[in-house]
file structure.cif (mmCIF, C-alpha atoms)
data_start
#
loop_
_atom_site.label_atom_id
_atom_site.label_comp_id
_atom_site.auth_asym_id
_atom_site.auth_seq_id
_atom_site.Cartn_x
_atom_site.Cartn_y
_atom_site.Cartn_z
CA SER M 1 4.40 -22.57 18.63
CA ASP M 2 4.95 -25.62 20.83
CA LEU M 3 6.07 -23.79 23.97
CA THR M 4 3.48 -21.04 23.59
CA GLU M 5 0.66 -23.58 23.79
CA SER M 6 2.02 -25.00 27.05
CA LEU M 7 2.34 -21.53 28.58
CA ALA M 8 -1.43 -21.47 29.03
CA ASP M 9 -0.97 -24.16 31.70
CA TYR M 10 0.80 -21.67 34.01
CA PRO M 11 -1.68 -19.20 35.53
CA GLU M 12 1.18 -17.33 37.24
CA LEU M 13 2.38 -16.18 33.81
CA VAL M 14 0.95 -13.41 31.64
CA THR M 15 1.73 -13.87 27.95
CA LEU M 16 1.53 -11.22 25.25
CA PRO M 17 1.93 -11.69 21.49
CA CYS M 18 5.11 -10.26 19.95
CA TYR M 19 4.83 -11.09 16.27
CA GLU M 20 3.29 -13.51 13.81
CA TRP M 21 5.38 -15.63 11.46
CA GLN M 22 5.25 -18.53 9.04
CA HIS M 23 7.61 -21.25 7.87
CA VAL M 24 9.43 -20.95 4.56
CA LEU M 25 10.94 -23.53 2.26
CA VAL M 26 14.60 -22.93 1.40
CA VAL M 27 16.01 -24.52 -1.74
CA PRO M 28 19.00 -23.94 -4.01
CA THR M 29 18.09 -21.27 -6.58
CA ASP M 30 18.27 -23.82 -9.43
CA HIS M 31 15.86 -26.26 -7.71
CA PRO M 32 12.51 -26.80 -9.52
CA LEU M 33 10.55 -25.81 -6.37
CA ALA M 34 12.26 -22.39 -6.35
CA HIS M 35 9.96 -21.33 -9.19
CA LYS M 36 6.77 -23.34 -8.60
CA GLU M 37 3.72 -21.06 -8.27
CA ARG M 38 2.10 -22.62 -5.19
CA LEU M 39 3.78 -25.35 -3.18
CA THR M 40 1.83 -28.36 -1.91
CA LEU M 41 2.53 -30.98 0.76
CA GLU M 42 2.86 -33.49 -2.09
CA ASP M 43 5.70 -31.38 -3.55
CA LEU M 44 7.49 -31.50 -0.21
CA VAL M 45 6.89 -35.17 0.57
CA ALA M 46 8.79 -36.07 -2.62
CA GLU M 47 11.92 -34.29 -1.33
CA PRO M 48 14.49 -35.10 1.37
CA LEU M 49 13.59 -32.59 4.10
CA ILE M 50 15.85 -30.81 6.56
CA THR M 51 14.04 -29.04 9.37
CA TYR M 52 13.91 -28.38 13.07
CA HIS M 53 14.18 -30.92 15.85
CA PRO M 54 10.68 -31.97 17.07
CA SER M 55 10.99 -29.88 20.25
CA PHE M 56 11.74 -26.69 18.33
CA THR M 57 10.21 -23.82 16.34
CA GLY M 58 6.79 -25.03 15.29
CA ARG M 59 7.91 -28.50 14.23
CA THR M 60 4.72 -30.07 15.63
CA ARG M 61 2.71 -28.03 13.09
CA ILE M 62 4.84 -29.40 10.25
CA ASP M 63 4.39 -33.00 11.45
CA ALA M 64 0.64 -32.50 12.01
CA ALA M 65 0.08 -31.10 8.51
CA PHE M 66 1.62 -34.18 6.88
CA ALA M 67 -0.15 -36.58 9.27
CA GLN M 68 -3.53 -34.97 8.59
CA ARG M 69 -3.08 -35.77 4.89
CA HIS M 70 -1.70 -39.26 5.65
CA LEU M 71 1.63 -38.33 4.08
CA GLN M 72 5.00 -39.55 5.37
CA PRO M 73 7.66 -36.85 4.98
CA ARG M 74 11.25 -38.00 4.42
CA ILE M 75 13.07 -35.98 7.08
CA VAL M 76 16.75 -36.69 6.51
CA LEU M 77 18.22 -34.25 9.02
CA GLU M 78 17.01 -32.31 12.07
CA ALA M 79 18.67 -29.31 13.68
CA ILE M 80 17.85 -26.63 16.24
CA ASP M 81 19.61 -23.87 14.30
CA SER M 82 18.31 -22.30 11.08
CA ASP M 83 21.81 -21.51 9.79
CA VAL M 84 22.77 -25.19 10.13
CA ILE M 85 19.67 -26.17 8.14
CA LYS M 86 20.53 -23.66 5.40
CA THR M 87 24.14 -24.94 5.28
CA TYR M 88 22.85 -28.51 4.75
CA VAL M 89 20.58 -27.25 1.95
CA ARG M 90 23.53 -25.46 0.28
CA SER M 91 25.46 -28.73 0.51
CA GLY M 92 22.76 -30.48 -1.53
CA LEU M 93 21.50 -32.78 1.23
CA GLY M 94 17.85 -31.77 0.83
CA VAL M 95 15.39 -28.88 0.97
CA GLY M 96 14.87 -26.98 4.21
CA ILE M 97 11.90 -25.75 6.22
CA VAL M 98 12.79 -22.85 8.52
CA ALA M 99 11.14 -19.89 10.25
CA GLU M 100 10.82 -16.89 7.93
CA ILE M 101 12.96 -14.73 10.22
CA ALA M 102 15.88 -17.04 9.35
CA VAL M 103 15.92 -15.83 5.74
CA ARG M 104 15.04 -12.18 6.35
CA ASP M 105 18.63 -10.96 5.95
CA ASP M 106 19.69 -13.37 3.19
CA PRO M 107 21.01 -11.67 0.04
CA PRO M 108 18.34 -11.56 -2.71
CA ASN M 109 20.68 -13.10 -5.30
CA GLY M 110 22.33 -15.64 -3.01
CA GLU M 111 22.64 -19.41 -3.34
CA LEU M 112 19.25 -20.09 -1.75
CA ALA M 113 15.69 -19.19 -2.70
CA SER M 114 12.93 -19.10 -0.10
CA ARG M 115 9.22 -19.72 -0.62
CA PRO M 116 6.45 -19.12 1.95
CA VAL M 117 4.66 -22.25 3.18
CA GLY M 118 2.35 -20.74 5.80
CA HIS M 119 -0.60 -21.97 3.71
CA LEU M 120 0.60 -25.53 4.44
CA PHE M 121 1.69 -25.28 8.07
CA GLY M 122 -0.31 -22.36 9.45
CA ARG M 123 0.74 -19.11 11.08
CA ASN M 124 2.66 -19.01 14.33
CA VAL M 125 2.62 -16.38 17.06
CA THR M 126 5.70 -15.76 19.16
CA ARG M 127 4.76 -14.61 22.65
CA ILE M 128 6.62 -13.20 25.63
CA ALA M 129 5.79 -14.33 29.17
CA PHE M 130 5.96 -12.27 32.36
CA LYS M 131 5.52 -13.49 35.93
CA ARG M 132 2.24 -12.13 37.23
CA GLY M 133 2.75 -9.54 39.97
CA ALA M 134 6.49 -9.23 39.32
CA TYR M 135 8.21 -5.85 39.45
CA LEU M 136 9.73 -5.24 36.03
CA ARG M 137 12.92 -3.26 35.68
CA ASN M 138 13.48 -0.78 32.86
CA PHE M 139 15.67 -3.15 30.82
CA VAL M 140 12.79 -5.68 30.70
CA PHE M 141 10.50 -3.06 29.12
CA ALA M 142 13.31 -2.09 26.72
CA PHE M 143 13.79 -5.73 25.75
CA ALA M 144 10.05 -6.20 25.15
CA GLU M 145 9.96 -3.11 22.93
CA MET M 146 12.88 -4.52 20.93
CA LEU M 147 10.88 -7.70 20.34
CA SER M 148 7.79 -5.85 19.16
CA ASP M 149 6.79 -2.22 18.85
CA ARG M 150 3.35 -3.34 20.09
CA LEU M 151 4.78 -4.09 23.53
CA GLY M 152 4.83 -0.67 25.15
CA ARG M 153 5.24 -0.15 28.89
CA ASN M 154 1.52 0.74 29.33
CA LEU M 155 0.29 -2.42 27.60
CA ILE M 156 2.58 -4.65 29.67
CA THR M 157 1.68 -2.89 32.92
CA GLN M 158 -2.05 -3.21 32.18
CA ALA M 159 -1.70 -6.91 31.33
CA LEU M 160 0.24 -7.62 34.52
CA SER M 161 -2.34 -5.81 36.63
CA GLY M 162 -5.08 -8.04 35.23
CA CYS M 163 -6.60 -5.63 32.70
CA ALA M 164 -7.22 -7.41 29.41
CA ALA M 165 -4.84 -6.30 26.69
CA HIS M 166 -7.00 -6.08 23.60
CA GLY M 167 -6.30 -4.74 20.15
CA TRP M 168 -4.06 -7.51 18.87
CA ARG M 169 -5.33 -10.99 18.17
CA SER M 170 -3.36 -13.78 19.73
#
call {"tool": "encode", "arguments": {"input": "structure.cif", "output": "structure tokens"}}
result
Amino acid sequence: SDLTESLADYPELVTLPCYEWQHVLVVPTDHPLAHKERLTLEDLVAEPLITYHPSFTGRTRIDAAFAQRHLQPRIVLEAIDSDVIKTYVRSGLGVGIVAEIAVRDDPPNGELASRPVGHLFGRNVTRIAFKRGAYLRNFVFAFAEMLSDRLGRNLITQALSGCAAHGWRS
């Protein structure tokens, strides 16, 4: 996402991918887009949109996708919190675009339906950054493993020592 791209500008940091994710559209379950087979940017541009603030969670990819097609989205509200966006959608103020992790624990028969829109806005990779040459304490390794089961102690240690960490595309 936005921050991940700027991390490349800091050679003193080593970054490793944690997980890949996409944006999803959240709509009330009775909304016509809740049941449309494949969503398009034209479907979304016709709706009042509620999504992240421009500095947050892949918003630049959303803006770029509309701009590339010369479409002007009607963004009626911006927030930095996915739950706030979903609350606005429940209130009938528009349809929401959030990170898929934000709907992972939603009840299947709740008030909102979610639809994947990675085909419109691309896939995102969340990464973790470590200071090159830093001594890492055990809780840092434990935290990294909580983020992703790919981030074992050996992989992190190898990456920090300058050995390329292959086996997972970034």
call {"tool": "resolve_selection", "arguments": {"input": "structure.cif", "expression": "the PyMOL selection byres ((chain M and resi 102-110) around 10)", "output": "tab-separated table (two decimals) with C-alpha atoms, in the coordinates of the input"}}
result
chain	number	residue	atom	x	y	z
M	23	HIS	CA	7.61	-21.25	7.87
M	24	VAL	CA	9.43	-20.95	4.56
M	25	LEU	CA	10.94	-23.53	2.26
M	26	VAL	CA	14.60	-22.93	1.40
M	28	PRO	CA	19.00	-23.94	-4.01
M	29	THR	CA	18.09	-21.27	-6.58
M	81	ASP	CA	19.61	-23.87	14.30
M	82	SER	CA	18.31	-22.30	11.08
M	83	ASP	CA	21.81	-21.51	9.79
M	85	ILE	CA	19.67	-26.17	8.14
M	86	LYS	CA	20.53	-23.66	5.40
M	98	VAL	CA	12.79	-22.85	8.52
M	99	ALA	CA	11.14	-19.89	10.25
M	100	GLU	CA	10.82	-16.89	7.93
M	101	ILE	CA	12.96	-14.73	10.22
M	111	GLU	CA	22.64	-19.41	-3.34
M	112	LEU	CA	19.25	-20.09	-1.75
M	113	ALA	CA	15.69	-19.19	-2.70
M	114	SER	CA	12.93	-19.10	-0.10
call {"tool": "resolve_selection", "arguments": {"input": "structure.cif", "expression": "the PyMOL selection byres ((chain M and resi 149-157) around 9)", "output": "list in words"}}
result
Leu16, Pro17, Cys18, Tyr19, Phe130, Leu136, Phe141, Ala142, Ala144, Glu145, Met146, Leu147, Ser148, Gln158, Ala159, Leu160, Ser161, Gly162, Cys163, Ala165 and Trp168 of chain M
call {"tool": "closest_residue", "arguments": {"input": "structure.cif", "among": "M:His53, M:Leu41, M:Val27, M:Gly58", "to": "Thr126 of chain M", "atoms": "only C-alpha atoms"}}
result
M:Gly58
call {"tool": "axis_aligned_box", "arguments": {"input": "structure.cif", "around": "segment 50-54 of chain M", "padding_each_side": "5 Å", "output": "lines of an AutoDock Vina configuration file"}}
result
center_x = 13.3
center_y = -30.2
center_z = 11.8
size_x = 15.2
size_y = 13.6
size_z = 20.5
call {"tool": "resolve_selection", "arguments": {"input": "structure.cif", "expression": "the PyMOL selection byres ((chain M and resi 13) around 6)", "output": "PDB file with C-alpha atoms, in the frame of the given file"}}
result
ATOM      1  CA  TYR M  10       0.800 -21.670  34.010  1.00  0.00           C
ATOM      2  CA  PRO M  11      -1.680 -19.200  35.530  1.00  0.00           C
ATOM      3  CA  GLU M  12       1.180 -17.330  37.240  1.00  0.00           C
ATOM      4  CA  VAL M  14       0.950 -13.410  31.640  1.00  0.00           C
ATOM      5  CA  PHE M 130       5.960 -12.270  32.360  1.00  0.00           C
ATOM      6  CA  LYS M 131       5.520 -13.490  35.930  1.00  0.00           C
ATOM      7  CA  ARG M 132       2.240 -12.130  37.230  1.00  0.00           C
TER       8      ARG M 132
END
call {"tool": "residues_near_point", "arguments": {"input": "structure.cif", "point": "(3.1, -30.9, 14.8)", "cutoff": "12 Å", "atoms": "all atoms listed in the file", "output": "VMD selection string"}}
result
chain M and resid 1 to 3 5 52 to 68 120 to 122 124
call {"tool": "residues_around", "arguments": {"input": "structure.cif", "residues": "segment 42-49 of chain M", "least_positions_apart": "2", "cutoff": "9 Å", "atoms": "all atoms listed in the file", "output": "ChimeraX atom specification"}}
result
/M:33,39-40,51,66,71-78,93-97
call {"tool": "write_last_selection", "arguments": {"input": "structure.cif", "atoms": "C-alpha atoms", "output": "PDB file, in the coordinates of the input"}}
result
ATOM      1  CA  LEU M  33      10.550 -25.810  -6.370  1.00  0.00           C
ATOM      2  CA  LEU M  39       3.780 -25.350  -3.180  1.00  0.00           C
ATOM      3  CA  THR M  40       1.830 -28.360  -1.910  1.00  0.00           C
ATOM      4  CA  THR M  51      14.040 -29.040   9.370  1.00  0.00           C
ATOM      5  CA  PHE M  66       1.620 -34.180   6.880  1.00  0.00           C
ATOM      6  CA  LEU M  71       1.630 -38.330   4.080  1.00  0.00           C
ATOM      7  CA  GLN M  72       5.000 -39.550   5.370  1.00  0.00           C
ATOM      8  CA  PRO M  73       7.660 -36.850   4.980  1.00  0.00           C
ATOM      9  CA  ARG M  74      11.250 -38.000   4.420  1.00  0.00           C
ATOM     10  CA  ILE M  75      13.070 -35.980   7.080  1.00  0.00           C
ATOM     11  CA  VAL M  76      16.750 -36.690   6.510  1.00  0.00           C
ATOM     12  CA  LEU M  77      18.220 -34.250   9.020  1.00  0.00           C
ATOM     13  CA  GLU M  78      17.010 -32.310  12.070  1.00  0.00           C
ATOM     14  CA  LEU M  93      21.500 -32.780   1.230  1.00  0.00           C
ATOM     15  CA  GLY M  94      17.850 -31.770   0.830  1.00  0.00           C
ATOM     16  CA  VAL M  95      15.390 -28.880   0.970  1.00  0.00           C
ATOM     17  CA  GLY M  96      14.870 -26.980   4.210  1.00  0.00           C
ATOM     18  CA  ILE M  97      11.900 -25.750   6.220  1.00  0.00           C
TER      19      ILE M  97
END
call {"tool": "atom_distance", "arguments": {"input": "structure.cif", "atom1": "atom CA of Arg69 of chain M", "atom2": "atom CA of Arg127 of chain M"}}
result
28.7 Å
call {"tool": "atom_distance", "arguments": {"input": "structure.cif", "atom1": "atom CA of His70 of chain M", "atom2": "atom CA of Lys36 of chain M"}}
result
23.0 Å
call {"tool": "atom_distance", "arguments": {"input": "structure.cif", "atom1": "atom CA of Tyr135 of chain M", "atom2": "atom CA of Glu20 of chain M"}}
result
27.2 Å
